[in-house]
Amino acid sequence: MLIAARVVLLRQLSRVDPARFGPTLAEALVTRSQQVKIRRSFVRRRTAAADEAVALYRRLVRDRPGRYEVGLARALVAQASVPDDRTMTSALAEGREAIGYVEDATDRDGLVVLASARLMIAAQLCGDAPQDALPLAEQARETWLRCTPLGVRELTGLARSLRVLGDCRSALGAPAEALAAREEAVDVFRRLPDRARVRHLPARLEAVAGLADSLVAHERWAQALTLASDARADLAFWARWEPMRAKPTLVRLLFVIATCQSELGSSDLAVTAAEEAVGHLRWLAERHPGRYNHSLPAGLRTLAGILKTHGRYEEAAWTADEARAAERET
């Protein structure tokens, strides 16, 4: 039975016998909220399902304390994890509340929720506070490894934890440790079954982009170029369906390609890739200026540097002037 139809049926049954069917309905709602869809239009449905699951589990916990706390924690993580629909403050609060319910868990269900909550908070904090995210990412990885045997869900969580761990270590100036974590993350994603790799395409591509960055940091130009070029087609496919989420990762890979082509002496290919990346940054800055206005000047400066490296001084000067003008507008 399709999950949407199952939810409708369980809602009707829970009105008749809430004690019997309420928990089953809550779990079905959590599943509904976690369905991975590419299209942005599904976010509203996922949000509604997660909110309903949390409200239902809170009633169950209030009526029967000590029995449904793990379910409530699972619903809170689902609520906080709906993409682009929660503020960081609310997501962190929901994640911390979830951890409070399962922090001492020893059973598999509790450990899975604990790992998921730690990973969710670490991912939220990684960009602005990597020093706070790092221990949570490490704890998430350790907790996933305790959830033996590792199925697809656990392997995916482990790979995502390793990706966040690599991002934190890179931001904190530990390139060798970042490379090791990112290589392990990509390796775990590659071990997933084909269907799971497609289902978790965004997370897999973000892991690949992180590994490509680390390879560039270690001046492994050819290896980074091969990795980024192989992922480019998948990213272009994802960007057609969900450009606001896909284009930042595509920009990241295009600059990797541009840097590698420049270092390997392919000036025209380097400039073309950098110009394409800047084009995507312009698109993002127009549609979400608060988030991407600061990224556009940095991208323009990168393009200017590549142009200058390959002797296109006049174009480099124009691009640098545009970068300064864009920076003044932010």
# chains A, B, ... in the order shown; residues from 1 in each chain; ligands from 1
>>> select_by_dssp(residues="region 14-143 of chain A", states="helix (DSSP H, G or I)", output="PyMOL selection string")
chain A and resi 14-16+18-34+40-63+69-81+88-102+108-125+130-143
>>> residues_around(residues="Lys247 (chain A)", least_positions_apart="5", cutoff="10 Å", atoms="only C-alpha atoms", output="number ranges by chain")
A: 235-236, 238-240, 242, 252-253, 277, 280-281, 283-284
>>> residues_around(residues="Leu254 (chain A)", least_positions_apart="4", cutoff="12 Å", atoms="only C-alpha atoms", output="PyMOL selection string")
chain A and resi 209+212-213+224-225+227-233+235-236+247-250+258-261+269-281+299+302-303
>>> closest_residue(among="A:Thr156, A:Thr319, A:Thr31, A:Ser170", to="Arg45 (chain A)", atoms="only C-alpha atoms")
A:Thr31
>>> residues_around(residues="Ser33 (chain A)", least_positions_apart="4", cutoff="6 Å", atoms="only C-alpha atoms", output="NGL selection string")
:A and (46 or 49-50)
>>> closest_residue(among="A:Ser295, A:Val102, A:Glu314, A:Ser161", to="Ala326 (chain A)", atoms="only C-alpha atoms")
A:Ser295
>>> residues_around(residues="region 113-118 of chain A", least_positions_apart="2", cutoff="8 Å", atoms="only C-alpha atoms", output="list in words")
Val70, Ala73, Arg74, Val77, Gly95, Arg96, Ala98, Ile99, Val102, Glu103, Ala105, Asp109, Gly110, Leu111, Met120, Ile121, Ala122, Leu136, Ala137, Gln139, Ala140, Arg141, Thr143, Trp144 and Gly157 of chain A
>>> closest_residue(among="A:Pro202, A:Gly305, A:Pro130, A:Gly210", to="Gly173 (chain A)", atoms="only C-alpha atoms")
A:Pro130
>>> closest_residue(among="A:Ala217, A:Val7, A:Ala174, A:Val188", to="Glu27 (chain A)", atoms="only C-alpha atoms")
A:Val7
>>> closest_residue(among="A:Ile306, A:Leu10, A:Leu296, A:Leu145", to="Ile257 (chain A)", atoms="only C-alpha atoms")
A:Ile306
>>> residues_around(residues="Ala171 (chain A)", least_positions_apart="2", cutoff="9 Å", atoms="only C-alpha atoms", output="list in words")
Cys126, Gly127, Pro130, Gln131, Gly166, Asp167, Cys168, Arg169, Gly173, Ala174, Pro175 and Ala178 of chain A
>>> write_last_selection(atoms="N, CA and C atoms", output="tab-separated table (two decimals), in the first residue's frame")
chain	number	residue	atom	x	y	z
A	126	CYS	N	27.97	22.91	10.83
A	126	CYS	CA	29.26	22.76	10.15
A	126	CYS	C	29.72	24.03	9.46
A	127	GLY	N	28.82	24.73	8.79
A	127	GLY	CA	29.22	25.90	8.03
A	127	GLY	C	29.68	27.07	8.89
A	130	PRO	N	32.25	25.08	12.82
A	130	PRO	CA	32.80	23.72	12.65
A	130	PRO	C	33.42	23.15	13.92
A	131	GLN	N	33.92	24.03	14.80
A	131	GLN	CA	34.50	23.53	16.05
A	131	GLN	C	33.44	22.90	16.95
A	166	GLY	N	34.49	15.39	7.41
A	166	GLY	CA	35.52	15.90	6.50
A	166	GLY	C	35.41	17.41	6.30
A	167	ASP	N	34.17	17.91	6.17
A	167	ASP	CA	33.99	19.36	6.01
A	167	ASP	C	34.47	20.11	7.24
A	168	CYS	N	34.18	19.59	8.43
A	168	CYS	CA	34.62	20.24	9.67
A	168	CYS	C	36.15	20.25	9.76
A	169	ARG	N	36.77	19.14	9.46
A	169	ARG	CA	38.23	19.06	9.56
A	169	ARG	C	38.90	19.97	8.54
A	173	GLY	N	41.38	23.43	9.36
A	173	GLY	CA	42.78	23.40	8.97
A	173	GLY	C	43.48	22.07	9.17
A	174	ALA	N	42.75	20.97	8.94
A	174	ALA	CA	43.35	19.63	9.05
A	174	ALA	C	43.13	18.91	7.72
A	175	PRO	N	43.87	19.27	6.65
A	175	PRO	CA	43.58	18.74	5.32
A	175	PRO	C	43.77	17.23	5.19
A	178	ALA	N	40.82	15.58	6.80
A	178	ALA	CA	39.64	15.83	5.95
A	178	ALA	C	39.63	14.90	4.75
>>> atom_distance(atom1="CA of Glu94 (chain A)", atom2="CA of Gln79 (chain A)")
7.7 Å
